[in-house]
$ cat model10.cif   # mmCIF, C-alpha atoms
data_coords
#
loop_
_atom_site.label_atom_id
_atom_site.label_comp_id
_atom_site.auth_asym_id
_atom_site.auth_seq_id
_atom_site.Cartn_x
_atom_site.Cartn_y
_atom_site.Cartn_z
CA LEU A 238 2.65 -25.67 7.74
CA THR A 239 5.86 -27.40 6.63
CA ILE A 240 5.68 -30.31 4.17
CA ASN A 241 8.84 -32.40 3.65
CA GLY A 242 7.39 -35.30 1.62
CA GLY A 243 4.35 -37.34 0.64
CA LYS A 244 1.81 -37.16 -2.19
CA PHE A 245 -1.18 -34.81 -2.31
CA THR A 246 -3.71 -35.14 -5.14
CA GLN A 247 -6.98 -33.28 -5.80
CA ASN A 248 -7.64 -33.23 -9.54
CA ASN A 249 -10.99 -31.40 -9.44
CA PHE A 250 -10.29 -28.67 -6.91
CA ILE A 251 -7.39 -26.89 -5.19
CA ALA A 252 -4.88 -29.36 -3.76
CA ILE A 253 -3.28 -27.03 -1.19
CA LYS A 254 -4.82 -23.65 -0.33
CA VAL A 255 -3.06 -21.12 1.93
CA ASP A 256 -5.79 -18.90 3.40
CA ARG A 257 -3.85 -17.91 6.51
CA GLY A 258 -0.38 -18.38 7.92
CA THR A 259 2.61 -19.62 5.93
CA LEU A 260 3.32 -22.73 3.85
CA HIS A 261 6.86 -24.12 3.50
CA PHE A 262 6.83 -26.83 0.82
CA LYS A 263 10.22 -28.58 0.91
CA GLY A 264 9.52 -31.98 -0.65
CA GLY A 265 6.89 -34.35 -1.95
CA VAL A 266 4.44 -34.29 -4.86
CA VAL A 267 1.33 -32.10 -5.21
CA THR A 268 -1.03 -32.69 -8.14
CA SER A 269 -4.15 -30.99 -9.43
CA ALA A 270 -4.99 -31.82 -13.03
CA ASN A 271 -7.87 -29.37 -13.44
CA SER A 272 -7.33 -26.65 -10.84
CA TYR A 273 -4.62 -25.07 -8.71
CA ALA A 274 -1.98 -27.30 -7.17
CA ILE A 275 -1.10 -24.51 -4.74
CA GLU A 276 -3.29 -21.42 -4.32
CA ASN A 277 -1.71 -18.88 -1.97
CA TRP A 278 -3.58 -15.97 -0.39
CA ASN A 279 -0.99 -15.10 2.25
CA ASN A 280 2.57 -16.50 2.33
CA ALA A 281 4.00 -19.60 0.64
CA PHE A 282 7.55 -20.80 -0.01
CA ILE A 283 8.26 -23.59 -2.50
CA LYS A 284 11.71 -24.92 -1.65
CA GLY A 285 11.71 -28.36 -3.31
CA GLY A 286 9.57 -31.28 -4.45
CA THR A 287 7.39 -31.59 -7.56
CA ILE A 288 4.19 -29.71 -8.26
CA ASN A 289 1.93 -30.85 -11.09
CA GLY A 290 -0.54 -28.05 -11.84
CA THR A 291 -0.79 -24.28 -11.58
CA VAL A 292 0.87 -22.42 -8.73
CA SER A 293 -0.64 -19.04 -7.86
CA SER A 294 -0.66 -16.11 -5.48
CA TRP A 295 -3.84 -14.02 -5.00
CA VAL A 296 -5.02 -10.83 -3.27
CA TYR A 297 -8.51 -9.47 -2.78
CA SER A 298 -10.12 -6.29 -1.47
CA THR A 299 -10.54 -7.22 2.21
CA GLY A 300 -7.47 -9.44 2.46
CA ALA A 301 -3.85 -8.69 3.29
CA ALA A 302 -2.15 -5.77 1.55
CA PHE A 303 -0.15 -8.26 -0.47
CA SER A 304 0.39 -11.98 -0.83
CA LYS A 305 3.84 -13.47 -1.31
CA LEU A 306 4.84 -16.67 -3.07
CA GLU A 307 8.54 -17.47 -3.41
CA ILE A 308 9.86 -20.33 -5.57
CA SER A 309 13.49 -21.14 -4.80
CA ASP A 310 13.79 -24.85 -5.74
CA GLY A 311 11.83 -27.86 -6.93
CA THR A 312 9.96 -28.51 -10.20
CA ILE A 313 6.66 -26.98 -11.25
CA ASN A 314 4.94 -28.75 -14.13
CA GLY A 315 2.33 -26.07 -14.70
CA ASN A 316 1.75 -22.34 -14.93
CA VAL A 317 2.70 -19.67 -12.40
CA ALA A 318 0.03 -16.98 -11.94
CA SER A 319 0.01 -13.77 -9.91
CA VAL A 320 -3.63 -12.69 -9.55
CA ASN A 321 -5.46 -9.63 -8.24
CA TYR A 322 -9.09 -10.61 -7.53
CA ASP A 323 -11.60 -8.03 -8.82
CA SER A 324 -8.84 -5.43 -9.43
CA ALA A 325 -8.64 -4.66 -5.72
CA ALA A 326 -7.08 -1.23 -5.16
CA ASP A 327 -3.92 -0.92 -3.06
CA LYS A 328 -3.47 -4.70 -3.04
CA GLN A 329 -0.63 -6.54 -4.79
CA ALA A 330 -0.10 -10.21 -5.53
CA ARG A 331 3.63 -10.96 -5.51
CA ILE A 332 5.62 -13.91 -6.84
CA PHE A 333 9.39 -14.19 -6.64
CA VAL A 334 11.23 -16.92 -8.56
CA THR A 335 14.82 -17.29 -7.40
CA GLY A 336 15.47 -20.89 -8.47
CA GLY A 337 13.94 -24.22 -9.39
CA THR A 338 12.36 -25.33 -12.68
CA VAL A 339 9.13 -24.01 -14.17
CA ASN A 340 7.61 -25.98 -17.06
CA GLY A 341 4.73 -23.63 -17.77
CA ALA A 342 3.79 -20.03 -18.51
CA LEU A 343 4.37 -17.05 -16.21
CA GLY A 344 1.56 -14.49 -16.06
CA THR A 345 0.06 -11.58 -14.12
CA TYR A 346 -3.72 -11.24 -14.04
CA THR A 347 -6.84 -9.70 -12.63
CA TYR A 348 -9.82 -11.99 -12.04
CA SER A 349 -13.49 -11.36 -12.72
CA ASN A 350 -15.30 -14.48 -13.91
CA GLY A 351 -12.00 -15.57 -15.38
CA LEU A 352 -8.36 -14.54 -15.62
CA VAL A 353 -7.58 -11.33 -17.54
CA SER A 354 -3.96 -10.49 -18.29
CA THR A 355 -2.70 -7.24 -16.73
CA GLU A 356 0.44 -5.13 -17.03
CA ASN A 357 -0.44 -3.15 -13.91
CA THR A 358 2.40 -4.05 -11.53
CA ALA A 359 0.65 -2.27 -8.67
CA MET A 360 -1.85 -5.13 -8.73
CA ALA A 361 0.22 -8.21 -9.61
CA THR A 362 3.92 -8.87 -10.11
CA ILE A 363 6.31 -11.68 -10.91
CA GLU A 364 10.02 -11.07 -10.38
CA VAL A 365 12.53 -13.62 -11.68
CA THR A 366 16.17 -13.64 -10.57
CA GLY A 367 17.01 -17.32 -11.05
CA GLY A 368 15.78 -20.71 -12.23
CA THR A 369 15.15 -22.77 -15.38
CA PHE A 370 12.13 -22.17 -17.62
CA ASN A 371 10.64 -23.83 -20.69
CA ASN A 372 9.07 -20.49 -21.70
CA ASP A 373 11.11 -17.31 -22.21
CA PRO A 374 10.96 -15.45 -18.84
CA THR A 375 12.52 -12.19 -20.13
CA LYS A 376 9.45 -10.09 -19.36
CA TYR A 377 9.73 -10.85 -15.65
CA VAL A 378 13.50 -10.95 -15.13
CA VAL A 379 14.84 -8.26 -12.75
CA GLU A 380 18.05 -7.15 -11.01
CA ASN A 381 20.13 -7.60 -14.17
CA SER A 382 19.90 -11.37 -13.93
CA ALA A 383 21.39 -13.05 -17.00
CA ILE A 384 19.32 -15.25 -19.33
CA THR A 385 20.96 -18.19 -21.14
CA LYS A 386 19.30 -20.22 -23.92
CA ASN A 387 20.15 -23.86 -23.15
CA SER A 388 20.77 -26.59 -25.74
CA ASP A 389 17.50 -28.34 -24.80
CA GLY A 390 15.49 -25.19 -25.58
CA THR A 391 14.99 -24.11 -21.98
CA PHE A 392 16.03 -20.78 -20.51
CA GLY A 393 18.40 -20.51 -17.57
CA VAL A 394 18.33 -17.42 -15.36
CA ALA A 395 21.12 -16.61 -12.93
CA LYS A 396 21.23 -13.58 -10.69
CA ALA A 397 24.17 -11.35 -11.56
CA TYR A 398 26.63 -10.34 -8.87
CA LEU A 399 26.59 -6.60 -8.18
CA ALA A 400 29.90 -5.92 -6.46
CA GLN A 401 33.18 -7.50 -5.41
CA ILE A 402 35.56 -6.85 -2.53
CA GLY A 403 38.77 -8.82 -2.59
CA GLY A 404 37.86 -12.34 -3.66
CA THR A 405 34.25 -12.15 -2.47
CA LYS A 406 31.28 -11.22 -4.67
CA TYR A 407 27.98 -9.79 -3.43
CA TYR A 408 24.46 -9.66 -4.83
CA THR A 409 23.36 -6.52 -2.96
CA MET A 410 24.95 -3.15 -2.33
CA ASP A 411 24.01 -3.27 1.33
CA GLU A 412 26.11 -6.34 2.07
CA ALA A 413 28.96 -5.14 -0.16
CA PHE A 414 28.98 -1.71 1.49
CA HIS A 415 29.18 -3.11 5.00
CA ALA A 416 32.02 -5.43 3.95
CA ALA A 417 33.91 -2.53 2.36
CA VAL A 418 33.54 -0.31 5.41
CA ALA A 419 34.59 -3.13 7.73
CA SER A 420 37.73 -3.87 5.70
CA GLY A 421 38.52 -0.47 4.21
CA GLU A 422 39.05 -2.25 0.88
CA THR A 423 37.89 -1.07 -2.54
CA LEU A 424 34.36 -2.01 -3.62
CA TYR A 425 34.30 -2.90 -7.32
CA LEU A 426 31.00 -2.54 -9.19
CA LEU A 427 30.35 -5.48 -11.54
CA ARG A 428 27.37 -4.12 -13.50
CA ASP A 429 25.15 -1.07 -13.92
CA TYR A 430 23.32 -0.27 -10.69
CA THR A 431 20.06 1.63 -10.11
CA THR A 432 18.87 2.55 -6.64
CA ASN A 433 16.64 5.02 -4.82
CA GLN A 434 18.78 4.72 -1.70
CA VAL A 435 21.49 7.22 -0.71
CA GLN A 436 24.94 5.64 -0.53
CA ASN A 437 26.48 6.74 2.77
CA SER A 438 30.19 6.80 3.52
CA GLY A 439 30.08 4.75 6.70
CA SER A 440 32.60 5.04 9.48
CA LYS A 441 35.73 4.05 7.54
CA SER A 442 37.28 5.51 4.39
CA PHE A 443 37.00 3.35 1.28
CA THR A 444 36.74 3.53 -2.51
CA ILE A 445 33.94 2.60 -4.91
CA ASP A 446 35.43 1.67 -8.29
CA LEU A 447 32.58 1.85 -10.82
CA GLY A 448 34.54 -0.29 -13.28
CA GLY A 449 33.22 1.68 -16.25
CA PHE A 450 29.60 1.03 -15.26
CA THR A 451 26.82 3.52 -14.45
CA TRP A 452 25.52 4.19 -10.94
CA THR A 453 21.99 5.66 -11.16
CA TYR A 454 20.37 7.28 -8.14
CA THR A 455 16.65 7.82 -8.73
CA GLY A 456 15.88 9.85 -5.60
CA THR A 457 14.70 13.41 -6.17
CA ASP A 458 14.77 14.85 -2.63
CA VAL A 459 16.70 18.14 -2.91
CA ASP A 460 18.32 17.49 0.48
CA CYS A 461 19.78 14.13 -0.56
CA ALA A 462 22.54 12.97 -2.90
CA ALA A 463 23.71 9.80 -4.55
CA PHE A 464 26.78 9.78 -2.27
CA GLU A 465 26.72 11.28 1.21
CA ILE A 466 29.09 11.55 4.14
CA ASN A 467 27.56 10.42 7.44
CA TYR A 468 30.67 10.27 9.66
CA SER A 469 33.51 12.64 10.50
CA ASP A 470 37.12 11.82 9.62
CA VAL A 471 36.29 9.68 6.57
CA THR A 472 36.76 10.04 2.83
CA LEU A 473 34.55 8.34 0.25
CA THR A 474 36.23 8.01 -3.16
CA VAL A 475 34.31 7.20 -6.35
CA THR A 476 36.30 6.33 -9.47
CA ASN A 477 36.16 5.14 -13.05
CA GLY A 478 32.61 5.29 -14.39
CA LYS A 479 29.37 7.27 -14.63
CA VAL A 480 26.95 8.61 -12.04
CA VAL A 481 23.44 9.83 -12.84
CA SER A 482 21.42 11.39 -10.01
CA GLY A 483 17.86 12.62 -9.79
CA SER A 484 19.09 15.10 -7.20
CA MET A 485 22.68 15.89 -6.16
CA VAL A 486 25.69 13.69 -6.85
CA GLY A 487 27.59 14.40 -3.63
CA LEU A 488 26.85 15.92 -0.21
CA ILE A 489 28.72 16.53 3.04
CA PRO A 490 25.86 17.69 5.27
CA SER A 491 25.42 18.51 8.90
CA ALA A 492 22.53 17.12 10.92
CA MET A 493 20.12 18.10 13.69
CA GLY A 494 20.21 21.79 12.80
CA GLY A 495 24.00 21.81 12.69
CA THR A 496 24.50 20.23 16.12
CA ILE A 497 25.91 17.14 14.43
CA LYS A 498 28.83 18.03 12.16
CA TYR A 499 30.88 15.91 9.81
CA ASP A 500 34.34 17.46 10.14
CA ASN A 501 37.53 16.37 8.37
CA ALA A 502 35.39 14.51 5.84
CA GLY A 503 35.92 14.23 2.10
CA LEU A 504 34.37 13.24 -1.20
CA VAL A 505 36.63 12.41 -4.14
CA PHE A 506 35.46 11.84 -7.73
CA ASP A 507 38.28 10.59 -9.94
CA GLY A 508 37.64 9.68 -13.57
CA VAL A 509 33.87 9.97 -13.20
CA LYS A 510 31.33 11.49 -15.60
CA MET A 511 28.47 12.82 -13.46
CA THR A 512 25.03 14.21 -14.23
CA ALA A 513 22.95 15.79 -11.48
CA ASN A 514 19.38 16.35 -12.67
CA GLY A 515 18.30 18.20 -9.54
CA HIS A 516 18.98 21.75 -8.40
CA SER A 517 22.69 21.31 -7.67
CA GLY A 518 25.64 18.99 -8.21
CA ILE A 519 27.76 18.81 -5.05
CA GLU A 520 27.38 20.64 -1.74
CA THR A 521 28.94 20.89 1.71
CA ASN A 522 27.57 22.55 4.85
CA GLY A 523 29.03 25.68 6.43
CA ASN A 524 28.80 24.20 9.93
CA ASN A 525 31.55 21.71 9.08
CA THR A 526 35.28 22.21 9.58
CA ASN A 527 38.07 21.07 7.26
CA ASP A 528 35.96 19.21 4.73
CA SER A 529 37.24 18.50 1.21
CA ILE A 530 35.76 17.97 -2.23
CA THR A 531 38.00 16.78 -5.09
CA LEU A 532 37.19 16.46 -8.77
CA LYS A 533 40.00 14.87 -10.73
CA ASN A 534 39.81 13.98 -14.44
CA SER A 535 36.02 14.18 -14.08
CA THR A 536 32.98 15.91 -15.56
CA LEU A 537 30.02 17.30 -13.61
CA ASN A 538 26.91 18.25 -15.58
CA VAL A 539 24.09 20.13 -13.83
CA PRO A 540 21.69 21.18 -16.60
CA ASN A 541 19.06 22.66 -14.28
CA GLY A 542 21.06 24.35 -11.52
CA PHE A 543 24.48 25.10 -10.07
CA GLY A 544 27.63 23.00 -9.94
CA ILE A 545 29.37 23.04 -6.54
CA TYR A 546 28.57 24.99 -3.38
CA PHE A 547 31.42 24.98 -0.83
CA PRO A 548 30.75 27.01 2.36
CA SER A 549 32.92 24.86 4.68
CA SER A 550 36.45 25.40 5.79
CA GLY A 551 38.77 22.97 4.05
CA THR A 552 39.62 22.65 0.35
CA LEU A 553 37.75 22.32 -2.93
CA THR A 554 40.10 20.93 -5.59
CA ILE A 555 39.32 20.85 -9.32
CA GLU A 556 42.02 19.13 -11.36
CA ASN A 557 41.69 18.52 -15.09
CA SER A 558 37.91 18.49 -14.66
CA THR A 559 34.91 20.09 -16.34
CA ILE A 560 31.78 21.56 -14.77
CA ASN A 561 28.81 22.44 -16.97
CA ALA A 562 26.01 24.22 -15.12
CA LYS A 563 23.14 26.63 -15.66
CA THR A 564 23.02 29.20 -12.85
CA MET A 565 26.50 29.13 -11.25
CA GLY A 566 29.60 26.99 -11.62
CA VAL A 567 31.56 26.86 -8.38
CA GLN A 568 30.97 28.97 -5.27
CA VAL A 569 33.20 29.13 -2.20
CA CYS A 570 32.17 31.04 0.94
CA ALA A 571 34.98 29.74 3.16
CA GLY A 572 38.06 27.56 2.94
CA SER A 573 40.25 27.21 -0.14
CA LEU A 574 39.75 26.61 -3.83
CA GLU A 575 42.42 25.19 -6.14
CA ILE A 576 41.83 24.86 -9.88
CA THR A 577 44.60 23.31 -11.95
CA GLY A 578 45.34 21.66 -15.29
CA GLU A 579 43.00 21.67 -18.27
CA SER A 580 39.89 22.32 -16.22
CA ALA A 581 36.81 24.08 -17.55
CA ILE A 582 33.75 25.66 -15.95
CA ASN A 583 30.89 26.66 -18.23
CA VAL A 584 27.73 28.45 -17.10
CA THR A 585 24.95 28.94 -19.64
CA GLY A 586 22.22 30.74 -17.69
CA ASP A 587 21.48 33.94 -15.83
CA PRO A 588 21.54 34.62 -12.09
CA VAL A 589 18.59 33.59 -9.93
CA PRO A 590 17.25 36.10 -7.34
CA LYS A 591 18.16 35.12 -3.79
CA THR A 592 15.10 34.75 -1.57
CA GLU A 593 16.60 33.26 1.63
CA ASN A 594 19.69 33.90 3.75
CA ASP A 595 21.10 30.39 3.64
CA GLY A 596 22.43 28.26 0.80
CA ALA A 597 24.11 28.99 -2.49
CA ILE A 598 23.82 32.28 -4.33
CA GLU A 599 23.16 31.53 -7.98
CA ASP A 600 24.88 34.60 -9.37
CA GLY A 601 25.62 33.35 -12.90
CA ALA A 602 29.39 33.28 -12.41
CA ALA A 603 31.65 30.45 -13.48
CA ILE A 604 33.70 30.97 -10.29
CA SER A 605 32.00 32.78 -7.41
CA VAL A 606 33.79 33.87 -4.22
CA VAL A 607 31.50 35.32 -1.55
CA ASP A 608 32.60 36.75 1.80
CA ARG A 609 29.48 36.22 3.93
CA ASP A 610 28.80 37.29 7.49
CA GLY A 611 29.02 34.43 9.99
CA TYR A 612 30.92 32.05 7.72
CA LYS A 613 34.36 30.59 8.42
CA ASP A 614 37.53 32.24 7.13
CA PHE A 615 38.94 31.92 3.64
CA GLY A 616 42.18 30.15 2.91
CA THR A 617 43.41 30.77 -0.63
CA ILE A 618 41.66 30.84 -3.99
CA THR A 619 44.22 29.84 -6.63
CA ILE A 620 43.59 29.34 -10.34
CA SER A 621 46.55 28.18 -12.41
CA GLY A 622 44.88 27.04 -15.60
CA GLY A 623 41.70 26.16 -17.43
CA THR A 624 38.84 27.81 -19.30
CA PHE A 625 36.07 29.66 -17.49
CA THR A 626 33.01 30.90 -19.29
CA ALA A 627 29.83 32.63 -18.14
CA LYS A 628 26.88 33.76 -20.21
CA ALA A 629 27.36 37.14 -21.88
CA GLY A 630 26.81 39.89 -19.31
CA ASN A 631 27.88 37.72 -16.36
CA LEU A 632 31.36 37.34 -14.86
CA ALA A 633 33.68 34.38 -15.25
CA LEU A 634 35.21 35.19 -11.85
CA LYS A 635 33.01 37.13 -9.45
CA ALA A 636 34.10 38.08 -5.90
CA TYR A 637 32.13 40.21 -3.46
CA LYS A 638 31.20 40.70 0.18
CA LEU A 639 27.63 40.03 1.26
CA SER A 640 26.43 41.57 4.50
CA GLY A 641 22.81 41.94 5.53
CA GLY A 642 21.68 41.31 2.00
CA SER A 643 23.89 44.09 0.59
CA LYS A 644 26.82 43.49 -1.72
CA SER A 645 30.11 45.36 -1.56
CA GLU A 646 33.62 45.03 -2.93
CA PHE A 647 35.64 41.95 -2.00
CA ASP A 648 38.78 42.77 0.01
CA ASN A 649 41.64 41.09 -1.85
CA SER A 650 44.42 43.09 -0.24
CA SER A 651 45.91 39.89 1.18
CA ASP A 652 45.82 38.19 -2.22
CA THR A 653 43.19 35.70 -1.14
CA ILE A 654 42.37 35.27 -4.83
CA THR A 655 45.27 34.71 -7.24
CA VAL A 656 45.14 33.84 -10.94
CA SER A 657 48.31 32.56 -12.63
CA GLY A 658 46.82 30.94 -15.72
CA GLY A 659 43.68 30.23 -17.69
CA THR A 660 41.29 31.83 -20.13
CA PHE A 661 38.23 33.75 -18.92
CA SER A 662 35.14 35.17 -20.59
CA SER A 663 35.47 38.41 -18.59
CA ASN A 664 38.28 40.61 -17.28
CA VAL A 665 40.18 39.18 -14.26
CA ARG A 666 43.05 41.68 -14.24
CA ASP A 667 42.57 42.52 -10.54
CA TYR A 668 43.52 38.97 -9.55
CA VAL A 669 46.45 38.24 -11.87
CA VAL A 670 49.69 37.49 -9.95
CA ASP A 671 52.99 39.27 -10.42
CA GLY A 672 55.02 37.89 -13.29
CA LYS A 673 51.90 37.27 -15.38
CA ASN A 674 50.04 39.43 -17.84
CA LEU A 675 46.43 39.46 -19.01
CA ARG A 676 46.15 39.23 -22.77
CA VAL A 677 42.92 40.51 -24.26
CA ASP A 678 41.99 38.18 -27.10
CA SER A 679 38.48 39.59 -27.57
CA ALA A 680 35.67 41.18 -25.62
CA THR A 681 34.83 37.72 -24.24
CA SER A 682 38.27 36.13 -24.00
CA TYR A 683 41.03 37.08 -21.55
CA THR A 684 44.08 34.83 -21.20
CA VAL A 685 46.69 34.93 -18.45
CA VAL A 686 50.19 34.63 -19.95
CA PRO A 687 53.79 35.15 -18.74
CA ASN A 688 55.15 38.69 -18.87
CA GLY A 689 57.10 39.52 -21.99
#
$ encode --input "model10.cif" --output "structure tokens"
Amino acid sequence: LTINGGKFTQNNFIAIKVDRGTLHFKGGVVTSANSYAIENWNNAFIKGGTINGTVSSWVYSTGAAFSKLEISDGTINGNVASVNYDSAADKQARIFVTGGTVNGALGTYTYSNGLVSTENTAMATIEVTGGTFNNDPTKYVVENSAITKNSDGTFGVAKAYLAQIGGTKYYTMDEAFHAAVASGETLYLLRDYTTNQVQNSGSKSFTIDLGGFTWTYTGTDVDCAAFEINYSDVTLTVTNGKVVSGSMVGLIPSAMGGTIKYDNAGLVFDGVKMTANGHSGIETNGNNTNDSITLKNSTLNVPNGFGIYFPSSGTLTIENSTINAKTMGVQVCAGSLEITGESAINVTGDPVPKTENDGAIEDGAAISVVDRDGYKDFGTITISGGTFTAKAGNLALKAYKLSGGSKSEFDNSSDTITVSGGTFSSNVRDYVVDGKNLRVDSATSYTVVPNG
């Protein structure tokens, strides 16, 4: 039913009731002095006009899973109520206010011989992202919409833009992401952002500039990350801000049991402070070829697990960056590792017994180099500076061969691993390059210095 004009009055009962189907109210006047002007049990959209009386959305036990009322324009001279009848389980009354004027109270309720206020959002919700209100709507404002106190005592709510690309601003990450991938331009974050959705790279390299804001990923699936590569030959760069993840921060996976590979792909974190609250911080997959991970002027905190696992061919670069982890700092099983500048890797915990053949080996080392059967070849492991600390009894730099579950000495006859600078919590003399000397500062401090 679409209403574009006219006057509808029923002062002693419901003026317009939506039992089935959908109401589009675009203009006109609806009045109910003593009851509901509009009572919605299914779907209703108020897009204009004037409503004198209460507007509501209801659910009940044998009805639809949810009812939806959206107010985007017009004037409501009355209350707005989201109501769950008889506290029906697994049913939710929903109201969305995106614009218009509301001269009345907002409220969420259950109903049993009268309205009873409820804070249980699984039963009834009101979400406000825009509009003008004569009562403070703060309790129901979502998506970082801004509230302004007007000179006439009303409250204005305007939805805040989330991101910008070039001269265009976007309300949602989905539309901003697709625009960034299409253009290859930088996506600038305009406010803090919380999501339970993985941010994929898309098919074209681009940069996300956090602008000093915080990107929070609430997902906790151990196989997912805040930022993931989902195409070959692309690089996703994240700069200038904070990232908090319920799982990993970054992932370059493979798919379909390794039959789909993401080769020549990269993740770059530049000027980012990251916290991964899952089991690991950043990972790649050993099926992939020539992948790259770069940490530059960044910090990666993994309080409950290991920092970076790199089993791909390609290069892991750590430049002027810090990794704080519990069970292992950085592990490479193929490819190259380059650590430069004032980097630091700190591991506070003990090794974790390995119970499966695949995945990282949490061996307690700050830097772990593992030659594993069936993995791609190593390039070079070069460390030119930084501070590398493992818990007492564990190694700052640990290299070994793993074959059939048995460990043996790492073959460094070709100088795969070279150390030309840095301070370590354990002895790394076997890897120090010619022209450098290892100075023993204490039983837990070894510094690589020039000869003489």
$ atom_distance --input "model10.cif" --atom1 "atom CA of Thr451 of chain A" --atom2 "atom CA of Tyr377 of chain A"
22.4 Å
$ atom_distance --input "model10.cif" --atom1 "atom CA of Thr681 of chain A" --atom2 "atom CA of Asn538 of chain A"
22.7 Å
$ residues_around --input "model10.cif" --residues "segment 663-679 of chain A" --least-positions-apart "6" --cutoff "8 Å" --atoms "all atoms listed in the file" --output "mmCIF file with C-alpha atoms, in the coordinates of the input"
data_model
loop_
_atom_site.group_PDB
_atom_site.id
_atom_site.type_symbol
_atom_site.label_atom_id
_atom_site.label_comp_id
_atom_site.auth_asym_id
_atom_site.auth_seq_id
_atom_site.Cartn_x
_atom_site.Cartn_y
_atom_site.Cartn_z
ATOM 1 C CA THR A 626 33.010 30.900 -19.290
ATOM 2 C CA ASN A 631 27.880 37.720 -16.360
ATOM 3 C CA LEU A 632 31.360 37.340 -14.860
ATOM 4 C CA ALA A 633 33.680 34.380 -15.250
ATOM 5 C CA LEU A 634 35.210 35.190 -11.850
ATOM 6 C CA ASP A 652 45.820 38.190 -2.220
ATOM 7 C CA ILE A 654 42.370 35.270 -4.830
ATOM 8 C CA THR A 655 45.270 34.710 -7.240
ATOM 9 C CA VAL A 656 45.140 33.840 -10.940
ATOM 10 C CA SER A 657 48.310 32.560 -12.630
ATOM 11 C CA VAL A 685 46.690 34.930 -18.450
ATOM 12 C CA VAL A 686 50.190 34.630 -19.950
ATOM 13 C CA PRO A 687 53.790 35.150 -18.740
ATOM 14 C CA ASN A 688 55.150 38.690 -18.870
#
$ atom_distance --input "model10.cif" --atom1 "atom CA of Phe414 of chain A" --atom2 "atom CA of Gly439 of chain A"
8.4 Å
$ residues_around --input "model10.cif" --residues "segment 310-323 of chain A" --least-positions-apart "6" --cutoff "6 Å" --atoms "all atoms listed in the file" --output "PyMOL selection string"
chain A and resi 284-297+330+336-349+360-361
$ build_atoms --input "model10.cif" --residues "segment 640-650 of chain A" --atoms "N, CA, C and O atoms" --output "PDB file, in the frame of the given file"
ATOM      1  N   SER A 640      26.714  41.285   3.091  1.00  0.00           N
ATOM      2  CA  SER A 640      26.430  41.570   4.500  1.00  0.00           C
ATOM      3  C   SER A 640      25.031  42.154   4.604  1.00  0.00           C
ATOM      4  O   SER A 640      24.743  43.190   3.993  1.00  0.00           O
ATOM      5  N   GLY A 641      24.173  41.462   5.354  1.00  0.00           N
ATOM      6  CA  GLY A 641      22.810  41.940   5.530  1.00  0.00           C
ATOM      7  C   GLY A 641      22.045  42.089   4.237  1.00  0.00           C
ATOM      8  O   GLY A 641      21.179  42.956   4.111  1.00  0.00           O
ATOM      9  N   GLY A 642      22.364  41.266   3.281  1.00  0.00           N
ATOM     10  CA  GLY A 642      21.680  41.310   2.000  1.00  0.00           C
ATOM     11  C   GLY A 642      22.256  42.317   1.032  1.00  0.00           C
ATOM     12  O   GLY A 642      21.798  42.412  -0.113  1.00  0.00           O
ATOM     13  N   SER A 643      23.275  43.085   1.465  1.00  0.00           N
ATOM     14  CA  SER A 643      23.890  44.090   0.590  1.00  0.00           C
ATOM     15  C   SER A 643      25.252  43.624   0.130  1.00  0.00           C
ATOM     16  O   SER A 643      26.037  43.079   0.911  1.00  0.00           O
ATOM     17  N   LYS A 644      25.538  43.869  -1.142  1.00  0.00           N
ATOM     18  CA  LYS A 644      26.820  43.490  -1.720  1.00  0.00           C
ATOM     19  C   LYS A 644      27.779  44.671  -1.718  1.00  0.00           C
ATOM     20  O   LYS A 644      27.377  45.817  -1.909  1.00  0.00           O
ATOM     21  N   SER A 645      29.054  44.349  -1.484  1.00  0.00           N
ATOM     22  CA  SER A 645      30.110  45.360  -1.560  1.00  0.00           C
ATOM     23  C   SER A 645      31.365  44.729  -2.110  1.00  0.00           C
ATOM     24  O   SER A 645      31.413  43.515  -2.356  1.00  0.00           O
ATOM     25  N   GLU A 646      32.399  45.509  -2.293  1.00  0.00           N
ATOM     26  CA  GLU A 646      33.620  45.030  -2.930  1.00  0.00           C
ATOM     27  C   GLU A 646      34.338  43.996  -2.063  1.00  0.00           C
ATOM     28  O   GLU A 646      34.400  44.115  -0.834  1.00  0.00           O
ATOM     29  N   PHE A 647      34.872  42.983  -2.697  1.00  0.00           N
ATOM     30  CA  PHE A 647      35.640  41.950  -2.000  1.00  0.00           C
ATOM     31  C   PHE A 647      37.022  42.506  -1.654  1.00  0.00           C
ATOM     32  O   PHE A 647      37.692  43.125  -2.494  1.00  0.00           O
ATOM     33  N   ASP A 648      37.468  42.308  -0.427  1.00  0.00           N
ATOM     34  CA  ASP A 648      38.780  42.770   0.010  1.00  0.00           C
ATOM     35  C   ASP A 648      39.832  41.731  -0.360  1.00  0.00           C
ATOM     36  O   ASP A 648      39.941  40.688   0.288  1.00  0.00           O
ATOM     37  N   ASN A 649      40.610  42.025  -1.409  1.00  0.00           N
ATOM     38  CA  ASN A 649      41.640  41.090  -1.850  1.00  0.00           C
ATOM     39  C   ASN A 649      43.039  41.624  -1.561  1.00  0.00           C
ATOM     40  O   ASN A 649      44.008  41.250  -2.216  1.00  0.00           O
ATOM     41  N   SER A 650      43.131  42.480  -0.558  1.00  0.00           N
ATOM     42  CA  SER A 650      44.420  43.090  -0.240  1.00  0.00           C
ATOM     43  C   SER A 650      45.452  42.069   0.227  1.00  0.00           C
ATOM     44  O   SER A 650      46.662  42.305   0.114  1.00  0.00           O
TER      45      SER A 650
END
